[in-house]
>>> print(open('work_18.pdb').read())   # PDB, C-alpha atoms
ATOM      1  CA  MET W  11     -22.704  11.564  -3.358
ATOM      2  CA  SER W  12     -20.615   9.461  -5.695
ATOM      3  CA  ARG W  13     -17.013   8.826  -4.710
ATOM      4  CA  TRP W  14     -14.164   8.306  -7.148
ATOM      5  CA  ILE W  15     -13.051   5.181  -5.301
ATOM      6  CA  GLU W  16     -15.905   2.926  -4.230
ATOM      7  CA  PRO W  17     -15.354  -0.083  -1.938
ATOM      8  CA  VAL W  18     -14.014  -2.971  -3.969
ATOM      9  CA  THR W  19     -12.367  -6.364  -3.465
ATOM     10  CA  LEU W  20      -9.491  -7.126  -5.833
ATOM     11  CA  THR W  21      -8.577 -10.800  -6.253
ATOM     12  CA  GLY W  22      -5.759 -12.530  -8.084
ATOM     13  CA  GLN W  23      -4.256 -16.030  -7.946
ATOM     14  CA  HIS W  24      -2.191 -15.481  -4.783
ATOM     15  CA  VAL W  25      -3.812 -12.580  -2.967
ATOM     16  CA  SER W  26      -7.119 -10.889  -2.274
ATOM     17  CA  LEU W  27      -7.392  -7.245  -1.249
ATOM     18  CA  GLU W  28     -10.603  -6.668   0.666
ATOM     19  CA  PRO W  29     -11.990  -3.561   2.353
ATOM     20  CA  LEU W  30     -10.357  -3.157   5.780
ATOM     21  CA  ARG W  31     -12.707  -3.654   8.757
ATOM     22  CA  ILE W  32     -12.380  -3.403  12.529
ATOM     23  CA  GLU W  33     -12.762  -7.189  12.625
ATOM     24  CA  HIS W  34      -9.314  -7.484  10.997
ATOM     25  CA  ALA W  35      -7.556  -6.131  14.131
ATOM     26  CA  ASP W  36      -6.504  -9.510  15.575
ATOM     27  CA  ALA W  37      -5.258 -10.757  12.208
ATOM     28  CA  LEU W  38      -3.235  -7.576  11.677
ATOM     29  CA  ALA W  39      -1.738  -8.008  15.149
ATOM     30  CA  ALA W  40      -0.560 -11.496  14.187
ATOM     31  CA  ALA W  41       0.835 -10.235  10.867
ATOM     32  CA  ALA W  42       2.748  -7.384  12.552
ATOM     33  CA  ALA W  43       4.150  -9.812  15.140
ATOM     34  CA  ASP W  44       5.727 -11.890  12.346
ATOM     35  CA  GLY W  45       9.081 -10.124  12.213
ATOM     36  CA  GLU W  46       8.122  -7.610  14.928
ATOM     37  CA  LEU W  47       7.522  -5.062  12.184
ATOM     38  CA  TYR W  48       6.371  -2.423  14.672
ATOM     39  CA  ARG W  49       9.980  -2.193  15.899
ATOM     40  CA  LEU W  50      11.118  -0.700  12.585
ATOM     41  CA  TRP W  51      11.415   2.962  13.499
ATOM     42  CA  TYR W  52      10.882   4.207   9.934
ATOM     43  CA  THR W  53       7.517   2.486   9.373
ATOM     44  CA  THR W  54       3.958   3.047  10.583
ATOM     45  CA  VAL W  55       3.154  -0.545  11.512
ATOM     46  CA  PRO W  56       0.936  -0.494  14.634
ATOM     47  CA  GLU W  57       2.461  -1.550  17.922
ATOM     48  CA  PRO W  58       0.836  -4.432  19.842
ATOM     49  CA  GLY W  59      -2.540  -3.325  21.140
ATOM     50  CA  ALA W  60      -2.798  -0.381  18.715
ATOM     51  CA  GLU W  61      -4.268  -2.286  15.764
ATOM     52  CA  ARG W  62      -7.850  -1.163  16.378
ATOM     53  CA  ALA W  63      -6.824   2.511  16.526
ATOM     54  CA  TYR W  64      -4.755   2.001  13.364
ATOM     55  CA  ILE W  65      -7.816   0.620  11.556
ATOM     56  CA  GLU W  66     -10.054   3.392  12.923
ATOM     57  CA  THR W  67      -7.631   5.992  11.549
ATOM     58  CA  ALA W  68      -7.630   4.264   8.151
ATOM     59  CA  LEU W  69     -11.431   4.168   8.098
ATOM     60  CA  ALA W  70     -11.613   7.857   9.049
ATOM     61  CA  MET W  71      -9.320   8.609   6.079
ATOM     62  CA  ARG W  72     -11.729   6.620   3.919
ATOM     63  CA  ASP W  73     -14.731   8.587   5.140
ATOM     64  CA  ASP W  74     -13.132  12.050   5.236
ATOM     65  CA  GLN W  75     -10.572  11.962   2.437
ATOM     66  CA  GLY W  76     -11.773   9.356  -0.067
ATOM     67  CA  ALA W  77      -9.025   6.854   0.789
ATOM     68  CA  HIS W  78      -9.614   3.107   0.498
ATOM     69  CA  PRO W  79      -7.811   0.809   2.983
ATOM     70  CA  PHE W  80      -7.471  -2.892   2.235
ATOM     71  CA  ALA W  81      -6.716  -5.974   4.285
ATOM     72  CA  VAL W  82      -4.327  -8.236   2.362
ATOM     73  CA  ARG W  83      -5.347 -11.908   2.397
ATOM     74  CA  GLU W  84      -2.985 -14.662   1.281
ATOM     75  CA  LEU W  85      -5.206 -17.049  -0.659
ATOM     76  CA  ALA W  86      -3.137 -20.207  -0.052
ATOM     77  CA  SER W  87      -3.505 -19.965   3.736
ATOM     78  CA  GLY W  88      -6.616 -17.787   3.928
ATOM     79  CA  GLU W  89      -4.775 -15.551   6.427
ATOM     80  CA  ILE W  90      -4.693 -11.763   6.583
ATOM     81  CA  VAL W  91      -0.980 -10.982   6.162
ATOM     82  CA  GLY W  92      -0.939  -7.198   6.046
ATOM     83  CA  THR W  93      -2.581  -4.078   4.764
ATOM     84  CA  THR W  94      -2.326  -1.484   2.003
ATOM     85  CA  ARG W  95      -4.405   1.450   0.854
ATOM     86  CA  TYR W  96      -5.198   4.053  -1.716
ATOM     87  CA  LEU W  97      -4.586   7.397  -0.005
ATOM     88  CA  ASN W  98      -3.807  11.044  -0.774
ATOM     89  CA  VAL W  99      -6.657  10.784  -3.252
ATOM     90  CA  GLU W 100      -7.093  13.764  -5.571
ATOM     91  CA  ALA W 101     -10.209  12.825  -7.517
ATOM     92  CA  ALA W 102     -10.326  16.129  -9.428
ATOM     93  CA  HIS W 103      -6.877  15.410 -10.857
ATOM     94  CA  ARG W 104      -7.284  11.624 -10.997
ATOM     95  CA  ARG W 105      -4.202  11.034  -8.821
ATOM     96  CA  LEU W 106      -3.730   8.780  -5.837
ATOM     97  CA  GLU W 107      -1.035   7.129  -3.781
ATOM     98  CA  ILE W 108      -0.601   3.453  -2.988
ATOM     99  CA  GLY W 109       0.843   3.353   0.488
ATOM    100  CA  ALA W 110       0.603   2.440   4.161
ATOM    101  CA  THR W 111       1.615  -1.012   2.919
ATOM    102  CA  TRP W 112       3.145  -3.617   5.167
ATOM    103  CA  TYR W 113       3.199  -7.406   5.244
ATOM    104  CA  ALA W 114       4.106 -10.173   7.664
ATOM    105  CA  LYS W 115       7.765 -10.986   7.267
ATOM    106  CA  ARG W 116       7.071 -14.457   5.859
ATOM    107  CA  VAL W 117       5.357 -13.025   2.743
ATOM    108  CA  GLN W 118       7.700 -10.110   2.066
ATOM    109  CA  ARG W 119       9.473 -10.245  -1.309
ATOM    110  CA  THR W 120       7.105 -12.930  -2.589
ATOM    111  CA  LEU W 121       4.653 -13.100  -5.478
ATOM    112  CA  LEU W 122       1.999 -11.856  -3.075
ATOM    113  CA  ASN W 123       3.346  -8.279  -3.078
ATOM    114  CA  THR W 124       3.946  -8.270  -6.831
ATOM    115  CA  GLU W 125       0.393  -9.423  -7.503
ATOM    116  CA  ALA W 126      -1.088  -7.011  -4.945
ATOM    117  CA  LYS W 127       0.637  -4.085  -6.671
ATOM    118  CA  LEU W 128      -0.540  -5.345 -10.065
ATOM    119  CA  LEU W 129      -4.144  -5.500  -8.816
ATOM    120  CA  LEU W 130      -3.965  -2.020  -7.272
ATOM    121  CA  LEU W 131      -2.326  -0.437 -10.305
ATOM    122  CA  ALA W 132      -4.680  -2.164 -12.753
ATOM    123  CA  HIS W 133      -7.704  -0.925 -10.824
ATOM    124  CA  ALA W 134      -6.282   2.602 -10.615
ATOM    125  CA  PHE W 135      -5.349   2.918 -14.288
ATOM    126  CA  ASP W 136      -7.917   0.659 -15.978
ATOM    127  CA  GLN W 137     -11.049   1.232 -13.878
ATOM    128  CA  LEU W 138     -10.453   4.624 -12.218
ATOM    129  CA  ASN W 139      -8.660   6.085 -15.258
ATOM    130  CA  ALA W 140      -5.943   7.544 -13.030
ATOM    131  CA  ASN W 141      -3.425   9.954 -14.517
ATOM    132  CA  ALA W 142      -0.750   9.071 -11.977
ATOM    133  CA  VAL W 143      -0.155   6.739  -9.050
ATOM    134  CA  GLU W 144       2.369   7.754  -6.391
ATOM    135  CA  PHE W 145       4.374   5.746  -3.892
ATOM    136  CA  ARG W 146       6.023   7.395  -0.896
ATOM    137  CA  THR W 147       8.433   5.978   1.625
ATOM    138  CA  HIS W 148      10.855   7.018   4.327
ATOM    139  CA  PHE W 149      14.284   7.959   2.971
ATOM    140  CA  MET W 150      15.835   5.422   5.384
ATOM    141  CA  ASN W 151      13.585   2.567   4.233
ATOM    142  CA  HIS W 152      16.012   1.281   1.599
ATOM    143  CA  ALA W 153      14.182  -2.029   1.123
ATOM    144  CA  SER W 154      10.940  -0.202   0.327
ATOM    145  CA  ARG W 155      12.689   2.200  -2.049
ATOM    146  CA  ALA W 156      14.252  -0.705  -3.939
ATOM    147  CA  ALA W 157      10.914  -2.559  -4.096
ATOM    148  CA  ILE W 158       9.130   0.502  -5.495
ATOM    149  CA  ALA W 159      11.839   0.970  -8.140
ATOM    150  CA  ARG W 160      11.527  -2.736  -9.096
ATOM    151  CA  LEU W 161       7.851  -2.110  -9.858
ATOM    152  CA  GLY W 162       8.914   0.314 -12.569
ATOM    153  CA  ALA W 163       8.075   3.517 -10.699
ATOM    154  CA  LYS W 164      10.359   6.488 -11.234
ATOM    155  CA  GLN W 165      11.674   8.653  -8.405
ATOM    156  CA  ASP W 166      10.191  12.148  -8.573
ATOM    157  CA  GLY W 167      12.092  13.647  -5.677
ATOM    158  CA  ILE W 168      12.588  13.891  -1.937
ATOM    159  CA  LEU W 169      10.367  15.948   0.365
ATOM    160  CA  ARG W 170      12.763  17.134   3.055
ATOM    161  CA  ASN W 171      11.473  17.293   6.672
ATOM    162  CA  HIS W 172       8.144  16.169   5.261
ATOM    163  CA  MET W 173       6.662  14.480   8.332
ATOM    164  CA  ILE W 174       7.212  14.057  12.041
ATOM    165  CA  GLY W 175       7.534  10.361  12.899
ATOM    166  CA  ARG W 176       5.908   8.702  15.884
ATOM    167  CA  ASP W 177       9.268   8.991  17.669
ATOM    168  CA  GLY W 178       9.431  12.726  16.930
ATOM    169  CA  VAL W 179      12.187  12.336  14.338
ATOM    170  CA  LEU W 180      11.673  14.303  11.112
ATOM    171  CA  ARG W 181      11.162  12.158   8.032
ATOM    172  CA  ASP W 182      12.454  12.848   4.558
ATOM    173  CA  THR W 183       9.959  11.271   2.162
ATOM    174  CA  VAL W 184      11.019   9.808  -1.181
ATOM    175  CA  VAL W 185       8.295  10.191  -3.819
ATOM    176  CA  PHE W 186       7.966   7.843  -6.799
ATOM    177  CA  SER W 187       5.247   7.671  -9.428
ATOM    178  CA  ILE W 188       3.928   5.779 -12.403
ATOM    179  CA  ILE W 189       2.020   7.836 -14.955
ATOM    180  CA  ALA W 190      -0.698   6.557 -17.272
ATOM    181  CA  GLY W 191       1.552   6.405 -20.340
ATOM    182  CA  GLU W 192       4.000   4.162 -18.460
ATOM    183  CA  TRP W 193       1.347   1.741 -17.253
ATOM    184  CA  PRO W 194       1.460  -0.703 -20.247
ATOM    185  CA  ALA W 195       5.206  -1.303 -19.754
ATOM    186  CA  VAL W 196       4.854  -1.537 -15.970
ATOM    187  CA  ARG W 197       1.983  -4.037 -16.367
ATOM    188  CA  ALA W 198       4.051  -6.152 -18.784
ATOM    189  CA  ASN W 199       6.957  -6.134 -16.326
ATOM    190  CA  LEU W 200       4.772  -7.200 -13.386
ATOM    191  CA  LEU W 201       3.101  -9.954 -15.428
ATOM    192  CA  PHE W 202       6.550 -11.187 -16.472
ATOM    193  CA  LYS W 203       7.677 -11.283 -12.825
ATOM    194  CA  LEU W 204       4.541 -13.239 -11.840
ATOM    195  CA  ALA W 205       5.008 -15.735 -14.682
ATOM    196  CA  ARG W 206       8.577 -16.490 -13.582
TER     197      ARG W 206
END
>>> encode(input="work_18.pdb", output="structure tokens")
Amino acid sequence: MSRWIEPVTLTGQHVSLEPLRIEHADALAAAAADGELYRLWYTTVPEPGAERAYIETALAMRDDQGAHPFAVRELASGEIVGTTRYLNVEAAHRRLEIGATWYAKRVQRTLLNTEAKLLLLAHAFDQLNANAVEFRTHFMNHASRAAIARLGAKQDGILRNHMIGRDGVLRDTVVFSIIAGEWPAVRANLLFKLAR
């Protein structure tokens, strides 16, 4: 059976996004330790020792729901510095979400994230012919909300009491999207940011 999203490696000048594998567990542990990202209550970064289970869940989403998880490799160092994925895939409607994204603190707000988003969006719109790409984040994750807006995504709304967090606290989820007609301007903006 053909899947809408087949395994793919996306490579730019600063970053490579490669299919996530169990073998990435130790590298993800090191990335999450940089900044102790797992302590941020509003994220889903795996706690120490839970990296393998985190990857297994991502791979199950790939197999059962058509998602595609990536390990994020910084090309300059060769190190795995985080993860991202296509998820909430609706092949019949050519929609997907870019999410479950987190990076080691040392590479946050660098060209690496800008280029990773460019690669993911270009693949979604140019190769998969997506109609829309969503981004979702916790209402309290103000840094993530600002980063998504800087990409050129527009806020669609807020899903109130959308999810139960790992601490049992209800999450309001902010939904953003980029639609196909907006992609040329978003691409130009991201290329401009990378060139600076």
>>> atom_distance(input="work_18.pdb", atom1="atom CA of W:Trp51", atom2="atom CA of W:Ser87")
29.0 Å
>>> residues_around(input="work_18.pdb", residues="W:Leu201", least_positions_apart="2", cutoff="12 Å", atoms="only C-alpha atoms", output="ChimeraX atom specification")
/W:22,121,124-129,132,161,193-199,203-206
>>> write_last_selection(input="work_18.pdb", atoms="C-alpha atoms", output="PDB file, in the frame of the given file")
ATOM      1  CA  GLY W  22      -5.759 -12.530  -8.084  1.00  0.00           C
ATOM      2  CA  LEU W 121       4.653 -13.100  -5.478  1.00  0.00           C
ATOM      3  CA  THR W 124       3.946  -8.270  -6.831  1.00  0.00           C
ATOM      4  CA  GLU W 125       0.393  -9.423  -7.503  1.00  0.00           C
ATOM      5  CA  ALA W 126      -1.088  -7.011  -4.945  1.00  0.00           C
ATOM      6  CA  LYS W 127       0.637  -4.085  -6.671  1.00  0.00           C
ATOM      7  CA  LEU W 128      -0.540  -5.345 -10.065  1.00  0.00           C
ATOM      8  CA  LEU W 129      -4.144  -5.500  -8.816  1.00  0.00           C
ATOM      9  CA  ALA W 132      -4.680  -2.164 -12.753  1.00  0.00           C
ATOM     10  CA  LEU W 161       7.851  -2.110  -9.858  1.00  0.00           C
ATOM     11  CA  TRP W 193       1.347   1.741 -17.253  1.00  0.00           C
ATOM     12  CA  PRO W 194       1.460  -0.703 -20.247  1.00  0.00           C
ATOM     13  CA  ALA W 195       5.206  -1.303 -19.754  1.00  0.00           C
ATOM     14  CA  VAL W 196       4.854  -1.537 -15.970  1.00  0.00           C
ATOM     15  CA  ARG W 197       1.983  -4.037 -16.367  1.00  0.00           C
ATOM     16  CA  ALA W 198       4.051  -6.152 -18.784  1.00  0.00           C
ATOM     17  CA  ASN W 199       6.957  -6.134 -16.326  1.00  0.00           C
ATOM     18  CA  LYS W 203       7.677 -11.283 -12.825  1.00  0.00           C
ATOM     19  CA  LEU W 204       4.541 -13.239 -11.840  1.00  0.00           C
ATOM     20  CA  ALA W 205       5.008 -15.735 -14.682  1.00  0.00           C
ATOM     21  CA  ARG W 206       8.577 -16.490 -13.582  1.00  0.00           C
TER      22      ARG W 206
END
>>> resolve_selection(input="work_18.pdb", expression="the PyMOL selection byres ((chain W and resi 100-113) around 10)", output="ChimeraX atom specification")
/W:13-15,38,41-42,44-45,47,53-55,68,75-82,90-99,114-119,122-123,127,130-131,134-135,138-147,154,185-187,189
>>> residues_around(input="work_18.pdb", residues="W:Met173", least_positions_apart="5", cutoff="10 Å", atoms="only C-alpha atoms", output="PyMOL selection string")
chain W and resi 148+178-183
>>> atom_distance(input="work_18.pdb", atom1="atom CA of W:Ala190", atom2="atom CA of W:Gly167")
18.7 Å
>>> atom_distance(input="work_18.pdb", atom1="atom CA of W:His24", atom2="atom CA of W:Leu85")
5.3 Å
>>> resolve_selection(input="work_18.pdb", expression="the PyMOL selection byres ((chain W and resi 33) around 12)", output="compact mmCIF listing (two decimals) with C-alpha atoms, in the frame of the given file")
# COMPACT_ATOMS: atom_id res chain seq x y z
CA PRO W 29 -11.99 -3.56 2.35
CA LEU W 30 -10.36 -3.16 5.78
CA ARG W 31 -12.71 -3.65 8.76
CA ILE W 32 -12.38 -3.40 12.53
CA HIS W 34 -9.31 -7.48 11.00
CA ALA W 35 -7.56 -6.13 14.13
CA ASP W 36 -6.50 -9.51 15.58
CA ALA W 37 -5.26 -10.76 12.21
CA LEU W 38 -3.24 -7.58 11.68
CA ALA W 39 -1.74 -8.01 15.15
CA GLU W 61 -4.27 -2.29 15.76
CA ARG W 62 -7.85 -1.16 16.38
CA ILE W 65 -7.82 0.62 11.56
CA GLU W 66 -10.05 3.39 12.92
CA ALA W 81 -6.72 -5.97 4.28
CA ILE W 90 -4.69 -11.76 6.58
>>> residues_around(input="work_18.pdb", residues="W:Ala86", least_positions_apart="3", cutoff="10 Å", atoms="only C-alpha atoms", output="list in words")
Gln23, His24, Val25, Arg83 and Glu89 of chain W
>>> axis_aligned_box(input="work_18.pdb", around="stretch 188-201 of chain W", padding_each_side="4 Å", output="JSON")
{"center_x": 3.1, "center_y": -1.1, "center_z": -16.4, "size_x": 15.7, "size_y": 25.8, "size_z": 15.9}
